>>> print(open('final-v6.csv').read())   # CSV, N, CA and C atoms
chain,number,residue,atom,x,y,z
A,144,MET,N,102.7,13.3,-59.0
A,144,MET,CA,101.8,12.6,-58.1
A,144,MET,C,100.5,13.3,-57.9
A,145,LYS,N,100.5,14.7,-58.0
A,145,LYS,CA,99.2,15.4,-57.9
A,145,LYS,C,98.3,15.1,-59.1
A,146,LYS,N,98.9,14.9,-60.3
A,146,LYS,CA,98.1,14.6,-61.5
A,146,LYS,C,97.4,13.2,-61.3
A,147,ILE,N,98.2,12.3,-60.8
A,147,ILE,CA,97.6,10.9,-60.6
A,147,ILE,C,96.5,11.0,-59.6
A,148,LYS,N,96.6,11.7,-58.5
A,148,LYS,CA,95.5,11.8,-57.6
A,148,LYS,C,94.3,12.5,-58.2
A,149,GLN,N,94.5,13.5,-59.0
A,149,GLN,CA,93.3,14.1,-59.7
A,149,GLN,C,92.6,13.1,-60.6
A,150,ILE,N,93.4,12.4,-61.4
A,150,ILE,CA,92.8,11.4,-62.3
A,150,ILE,C,92.0,10.3,-61.5
A,151,LEU,N,92.6,9.8,-60.4
A,151,LEU,CA,91.9,8.8,-59.6
A,151,LEU,C,90.7,9.4,-59.0
A,152,ALA,N,90.7,10.7,-58.6
A,152,ALA,CA,89.5,11.3,-58.0
A,152,ALA,C,88.4,11.4,-59.0
A,153,ILE,N,88.8,11.7,-60.3
A,153,ILE,CA,87.7,11.8,-61.3
A,153,ILE,C,87.2,10.5,-61.6
A,154,ILE,N,88.0,9.4,-61.7
A,154,ILE,CA,87.5,8.1,-61.9
A,154,ILE,C,86.5,7.6,-60.8
A,155,VAL,N,86.9,7.9,-59.6
A,155,VAL,CA,86.0,7.5,-58.4
A,155,VAL,C,84.7,8.3,-58.5
A,156,ILE,N,84.7,9.6,-58.9
A,156,ILE,CA,83.5,10.3,-59.0
A,156,ILE,C,82.6,9.7,-60.1
A,157,ILE,N,83.2,9.4,-61.2
A,157,ILE,CA,82.4,8.8,-62.3
A,157,ILE,C,81.8,7.5,-61.9
A,158,ILE,N,82.6,6.6,-61.2
A,158,ILE,CA,82.0,5.4,-60.7
A,158,ILE,C,80.9,5.6,-59.8
A,159,LEU,N,81.0,6.5,-58.8
A,159,LEU,CA,79.9,6.8,-57.9
A,159,LEU,C,78.7,7.3,-58.6
A,160,VAL,N,78.8,8.2,-59.5
A,160,VAL,CA,77.7,8.8,-60.2
A,160,VAL,C,77.0,7.7,-61.0
A,161,ALA,N,77.8,6.8,-61.7
A,161,ALA,CA,77.2,5.7,-62.5
A,161,ALA,C,76.5,4.7,-61.5
A,162,SER,N,77.0,4.5,-60.4
A,162,SER,CA,76.3,3.6,-59.4
A,162,SER,C,75.0,4.2,-59.0
A,163,TYR,N,75.0,5.5,-58.7
A,163,TYR,CA,73.7,6.1,-58.2
A,163,TYR,C,72.7,6.1,-59.4
A,164,ILE,N,73.1,6.4,-60.6
A,164,ILE,CA,72.2,6.4,-61.7
A,164,ILE,C,71.7,5.0,-62.0
A,165,THR,N,72.5,4.0,-61.9
A,165,THR,CA,72.1,2.6,-62.1
A,165,THR,C,71.1,2.2,-61.0
A,166,THR,N,71.3,2.6,-59.8
A,166,THR,CA,70.4,2.3,-58.7
A,166,THR,C,69.0,2.9,-59.0
A,167,ALA,N,69.0,4.2,-59.4
A,167,ALA,CA,67.8,4.9,-59.7
A,167,ALA,C,67.0,4.2,-60.8
A,168,VAL,N,67.8,3.9,-61.9
A,168,VAL,CA,67.1,3.2,-63.0
A,168,VAL,C,66.5,1.9,-62.6
A,169,LEU,N,67.3,1.1,-61.9
A,169,LEU,CA,66.8,-0.2,-61.4
A,169,LEU,C,65.6,0.0,-60.5
A,170,ALA,N,65.6,1.0,-59.7
A,170,ALA,CA,64.4,1.2,-58.8
A,170,ALA,C,63.2,1.5,-59.6
A,171,PHE,N,63.3,2.4,-60.6
A,171,PHE,CA,62.2,2.8,-61.4
A,171,PHE,C,61.7,1.7,-62.4
A,172,THR,N,62.5,0.9,-62.8
A,172,THR,CA,62.1,-0.2,-63.8
A,172,THR,C,61.6,-1.4,-63.1
A,173,GLY,N,61.7,-1.5,-61.8
A,173,GLY,CA,61.2,-2.6,-61.1
A,173,GLY,C,62.1,-3.9,-61.1
A,174,ALA,N,63.4,-3.7,-60.9
A,174,ALA,CA,64.3,-4.8,-61.0
A,174,ALA,C,64.1,-5.7,-59.8
A,175,ASP,N,64.8,-6.8,-59.9
A,175,ASP,CA,64.7,-7.8,-58.9
A,175,ASP,C,65.2,-7.2,-57.5
A,176,LYS,N,64.6,-7.7,-56.5
A,176,LYS,CA,64.9,-7.1,-55.1
A,176,LYS,C,66.4,-7.3,-54.8
A,177,ASN,N,66.9,-8.5,-55.1
A,177,ASN,CA,68.3,-8.8,-54.7
A,177,ASN,C,69.3,-7.9,-55.5
A,178,VAL,N,69.0,-7.6,-56.7
A,178,VAL,CA,69.9,-6.7,-57.5
A,178,VAL,C,69.8,-5.3,-56.9
A,179,LEU,N,68.7,-4.8,-56.6
A,179,LEU,CA,68.5,-3.5,-56.1
A,179,LEU,C,69.2,-3.4,-54.7
A,180,MET,N,69.1,-4.4,-53.9
A,180,MET,CA,69.7,-4.3,-52.6
A,180,MET,C,71.2,-4.3,-52.7
A,181,LEU,N,71.7,-5.1,-53.7
A,181,LEU,CA,73.2,-5.0,-54.0
A,181,LEU,C,73.6,-3.6,-54.4
A,182,MET,N,72.9,-3.0,-55.2
A,182,MET,CA,73.2,-1.6,-55.6
A,182,MET,C,73.2,-0.6,-54.4
A,183,PHE,N,72.2,-0.8,-53.6
A,183,PHE,CA,72.2,0.0,-52.4
A,183,PHE,C,73.4,-0.2,-51.5
A,184,TYR,N,73.8,-1.5,-51.4
A,184,TYR,CA,75.0,-1.8,-50.6
A,184,TYR,C,76.2,-1.2,-51.2
A,185,ILE,N,76.4,-1.2,-52.5
A,185,ILE,CA,77.5,-0.6,-53.2
A,185,ILE,C,77.5,0.9,-53.0
A,186,ASP,N,76.3,1.5,-53.1
A,186,ASP,CA,76.2,3.0,-52.9
A,186,ASP,C,76.6,3.4,-51.5
A,187,ILE,N,76.5,2.5,-50.5
A,187,ILE,CA,76.9,2.9,-49.1
A,187,ILE,C,78.4,2.4,-48.9
A,188,ALA,N,78.7,1.2,-49.3
A,188,ALA,CA,80.0,0.6,-49.0
A,188,ALA,C,81.2,1.3,-49.7
A,189,LEU,N,81.0,1.6,-51.0
A,189,LEU,CA,82.1,2.2,-51.7
A,189,LEU,C,82.6,3.5,-51.2
A,190,PRO,N,81.7,4.5,-50.9
A,190,PRO,CA,82.2,5.8,-50.3
A,190,PRO,C,82.8,5.5,-48.9
A,191,THR,N,82.2,4.6,-48.1
A,191,THR,CA,82.8,4.3,-46.8
A,191,THR,C,84.2,3.7,-46.9
A,192,PHE,N,84.4,2.8,-47.9
A,192,PHE,CA,85.7,2.2,-48.1
A,192,PHE,C,86.7,3.2,-48.5
A,193,ILE,N,86.3,4.1,-49.4
A,193,ILE,CA,87.2,5.2,-49.8
A,193,ILE,C,87.6,6.1,-48.7
A,194,TYR,N,86.6,6.4,-47.8
A,194,TYR,CA,86.9,7.3,-46.7
A,194,TYR,C,87.9,6.6,-45.7
A,195,VAL,N,87.6,5.3,-45.4
A,195,VAL,CA,88.5,4.6,-44.5
A,195,VAL,C,89.9,4.5,-45.1
A,196,PHE,N,90.0,4.2,-46.4
A,196,PHE,CA,91.3,4.1,-47.1
A,196,PHE,C,92.1,5.4,-46.9
A,197,MET,N,91.4,6.6,-47.2
A,197,MET,CA,92.0,7.9,-47.0
A,197,MET,C,92.5,8.2,-45.6
A,198,LEU,N,91.7,7.8,-44.6
A,198,LEU,CA,92.0,8.0,-43.3
A,198,LEU,C,93.2,7.2,-42.8
A,199,VAL,N,93.3,5.9,-43.3
A,199,VAL,CA,94.5,5.1,-42.9
A,199,VAL,C,95.7,5.7,-43.6
A,200,ALA,N,95.6,6.1,-44.9
A,200,ALA,CA,96.7,6.7,-45.6
A,200,ALA,C,97.2,7.9,-44.9
A,201,LYS,N,96.3,8.7,-44.4
A,201,LYS,CA,96.7,9.9,-43.7
A,201,LYS,C,97.5,9.6,-42.4
A,202,ILE,N,97.0,8.6,-41.6
A,202,ILE,CA,97.6,8.2,-40.4
A,202,ILE,C,99.0,7.6,-40.6
A,203,LEU,N,99.1,6.8,-41.7
A,203,LEU,CA,100.4,6.2,-42.0
A,203,LEU,C,101.4,7.2,-42.5
A,204,LYS,N,100.9,8.2,-43.2
A,204,LYS,CA,101.8,9.3,-43.6
A,204,LYS,C,102.3,10.1,-42.4
A,205,LYS,N,101.5,10.4,-41.4
A,205,LYS,CA,102.0,11.1,-40.2
A,205,LYS,C,103.0,10.2,-39.5
A,206,LYS,N,102.8,8.9,-39.4
A,206,LYS,CA,103.7,8.1,-38.7
A,206,LYS,C,105.1,8.0,-39.4
A,207,LYS,N,105.0,8.0,-40.8
A,207,LYS,CA,106.2,8.0,-41.6
A,207,LYS,C,107.0,9.3,-41.4
A,208,GLU,N,106.3,10.4,-41.3
A,208,GLU,CA,107.0,11.7,-41.1
A,208,GLU,C,107.6,11.9,-39.8
A,209,LYS,N,107.0,11.2,-38.8
A,209,LYS,CA,107.6,11.3,-37.4
A,209,LYS,C,108.9,10.5,-37.3
A,210,SER,N,109.0,9.4,-38.0
A,210,SER,CA,110.2,8.6,-37.9
A,210,SER,C,111.3,9.0,-38.9
>>> encode(input="final-v6.csv", output="structure tokens")
Amino acid sequence: MKKIKQILAIIVIIILVASYITTAVLAFTGADKNVLMLMFYIDIALPTFIYVFMLVAKILKKKKEKS
């Protein structure tokens, strides 16, 4: 289980870094405003979603341990 978590963490880090690099490249090349705003949204929403998912998993794990 620990190995799976490590692999998933590495995959998420790669996705986030790729997203940040893509956003920077699009900003410097003068991409369409809608595409750039979508990338900014992804840069904010993806880490937020991951944080909320981890928080819910932690709460559910505590409830499962109590019962």
>>> closest_residue(input="final-v6.csv", among="A:Ile193, A:Lys205, A:Ile150, A:Met182", to="Thr166 in chain A", atoms="all atoms listed in the file")
A:Met182
>>> atom_distance(input="final-v6.csv", atom1="CA of Tyr163 in chain A", atom2="atom N of Asp186 in chain A")
7.3 Å
>>> atom_distance(input="final-v6.csv", atom1="CA of Met197 in chain A", atom2="atom N of Ala152 in chain A")
12.0 Å
>>> closest_residue(input="final-v6.csv", among="A:Lys206, A:Pro190, A:Leu179, A:Leu151", to="Thr165 in chain A", atoms="all atoms listed in the file")
A:Leu179
>>> atom_distance(input="final-v6.csv", atom1="CA of Leu159 in chain A", atom2="CA of Ile185 in chain A")
9.1 Å
>>> build_atoms(input="final-v6.csv", residues="range 183-194 of chain A", atoms="all heavy atoms", output="compact mmCIF listing (two decimals), in the coordinates of the input")
# COMPACT_ATOMS: atom_id res chain seq x y z
N PHE A 183 72.20 -0.80 -53.60
CA PHE A 183 72.20 0.00 -52.40
C PHE A 183 73.40 -0.20 -51.50
O PHE A 183 73.98 0.71 -50.93
CB PHE A 183 70.90 -0.21 -51.53
CG PHE A 183 69.68 0.46 -52.08
CD1 PHE A 183 68.47 -0.22 -52.14
CD2 PHE A 183 69.71 1.77 -52.52
CE1 PHE A 183 67.34 0.38 -52.63
CE2 PHE A 183 68.59 2.39 -53.01
CZ PHE A 183 67.39 1.70 -53.07
N TYR A 184 73.80 -1.50 -51.40
CA TYR A 184 75.00 -1.80 -50.60
C TYR A 184 76.20 -1.20 -51.20
O TYR A 184 77.05 -0.59 -50.51
CB TYR A 184 75.16 -3.34 -50.56
CG TYR A 184 76.43 -3.75 -49.87
CD1 TYR A 184 76.53 -3.71 -48.48
CD2 TYR A 184 77.54 -4.16 -50.60
CE1 TYR A 184 77.70 -4.08 -47.83
CE2 TYR A 184 78.72 -4.54 -49.97
CZ TYR A 184 78.79 -4.48 -48.59
OH TYR A 184 79.96 -4.84 -47.97
N ILE A 185 76.40 -1.20 -52.50
CA ILE A 185 77.50 -0.60 -53.20
C ILE A 185 77.50 0.90 -53.00
O ILE A 185 78.52 1.51 -52.78
CB ILE A 185 77.48 -0.96 -54.72
CG1 ILE A 185 77.81 -2.44 -54.91
CG2 ILE A 185 78.46 -0.09 -55.50
CD1 ILE A 185 77.63 -2.94 -56.32
N ASP A 186 76.30 1.50 -53.10
CA ASP A 186 76.20 3.00 -52.90
C ASP A 186 76.60 3.40 -51.50
O ASP A 186 77.09 4.52 -51.29
CB ASP A 186 74.73 3.42 -53.08
CG ASP A 186 74.32 3.33 -54.54
OD1 ASP A 186 75.21 3.25 -55.40
OD2 ASP A 186 73.10 3.35 -54.80
N ILE A 187 76.50 2.50 -50.50
CA ILE A 187 76.90 2.90 -49.10
C ILE A 187 78.40 2.40 -48.90
O ILE A 187 79.15 3.12 -48.28
CB ILE A 187 75.95 2.21 -48.12
CG1 ILE A 187 74.58 2.87 -48.25
CG2 ILE A 187 76.47 2.36 -46.70
CD1 ILE A 187 73.49 2.18 -47.48
N ALA A 188 78.70 1.20 -49.30
CA ALA A 188 80.00 0.60 -49.00
C ALA A 188 81.20 1.30 -49.70
O ALA A 188 82.23 1.46 -49.14
CB ALA A 188 79.99 -0.88 -49.28
N LEU A 189 81.00 1.60 -51.00
CA LEU A 189 82.10 2.20 -51.70
C LEU A 189 82.60 3.50 -51.20
O LEU A 189 83.77 3.69 -50.93
CB LEU A 189 81.67 2.37 -53.21
CG LEU A 189 82.77 2.80 -54.17
CD1 LEU A 189 83.91 1.79 -54.17
CD2 LEU A 189 82.21 2.97 -55.57
N PRO A 190 81.70 4.50 -50.90
CA PRO A 190 82.20 5.80 -50.30
C PRO A 190 82.80 5.50 -48.90
O PRO A 190 83.78 6.18 -48.52
CB PRO A 190 80.98 6.66 -50.20
CG PRO A 190 80.02 6.12 -51.17
CD PRO A 190 80.29 4.65 -51.25
N THR A 191 82.20 4.60 -48.10
CA THR A 191 82.80 4.30 -46.80
C THR A 191 84.20 3.70 -46.90
O THR A 191 85.08 4.08 -46.20
CB THR A 191 81.85 3.29 -46.09
OG1 THR A 191 80.53 3.84 -46.04
CG2 THR A 191 82.34 3.01 -44.69
N PHE A 192 84.40 2.80 -47.90
CA PHE A 192 85.70 2.20 -48.10
C PHE A 192 86.70 3.20 -48.50
O PHE A 192 87.82 3.22 -48.02
CB PHE A 192 85.57 1.07 -49.15
CG PHE A 192 86.90 0.48 -49.52
CD1 PHE A 192 87.54 -0.39 -48.65
CD2 PHE A 192 87.50 0.80 -50.72
CE1 PHE A 192 88.78 -0.94 -48.98
CE2 PHE A 192 88.73 0.26 -51.05
CZ PHE A 192 89.37 -0.61 -50.19
N ILE A 193 86.30 4.10 -49.40
CA ILE A 193 87.20 5.20 -49.80
C ILE A 193 87.60 6.10 -48.70
O ILE A 193 88.75 6.46 -48.50
CB ILE A 193 86.57 5.97 -50.98
CG1 ILE A 193 86.45 5.09 -52.21
CG2 ILE A 193 87.38 7.23 -51.30
CD1 ILE A 193 85.61 5.68 -53.31
N TYR A 194 86.60 6.40 -47.80
CA TYR A 194 86.90 7.30 -46.70
C TYR A 194 87.90 6.60 -45.70
O TYR A 194 88.83 7.21 -45.23
CB TYR A 194 85.60 7.64 -45.93
CG TYR A 194 85.83 8.40 -44.66
CD1 TYR A 194 86.18 9.74 -44.70
CD2 TYR A 194 85.73 7.79 -43.41
CE1 TYR A 194 86.41 10.45 -43.53
CE2 TYR A 194 85.95 8.49 -42.25
CZ TYR A 194 86.29 9.82 -42.31
OH TYR A 194 86.53 10.52 -41.16
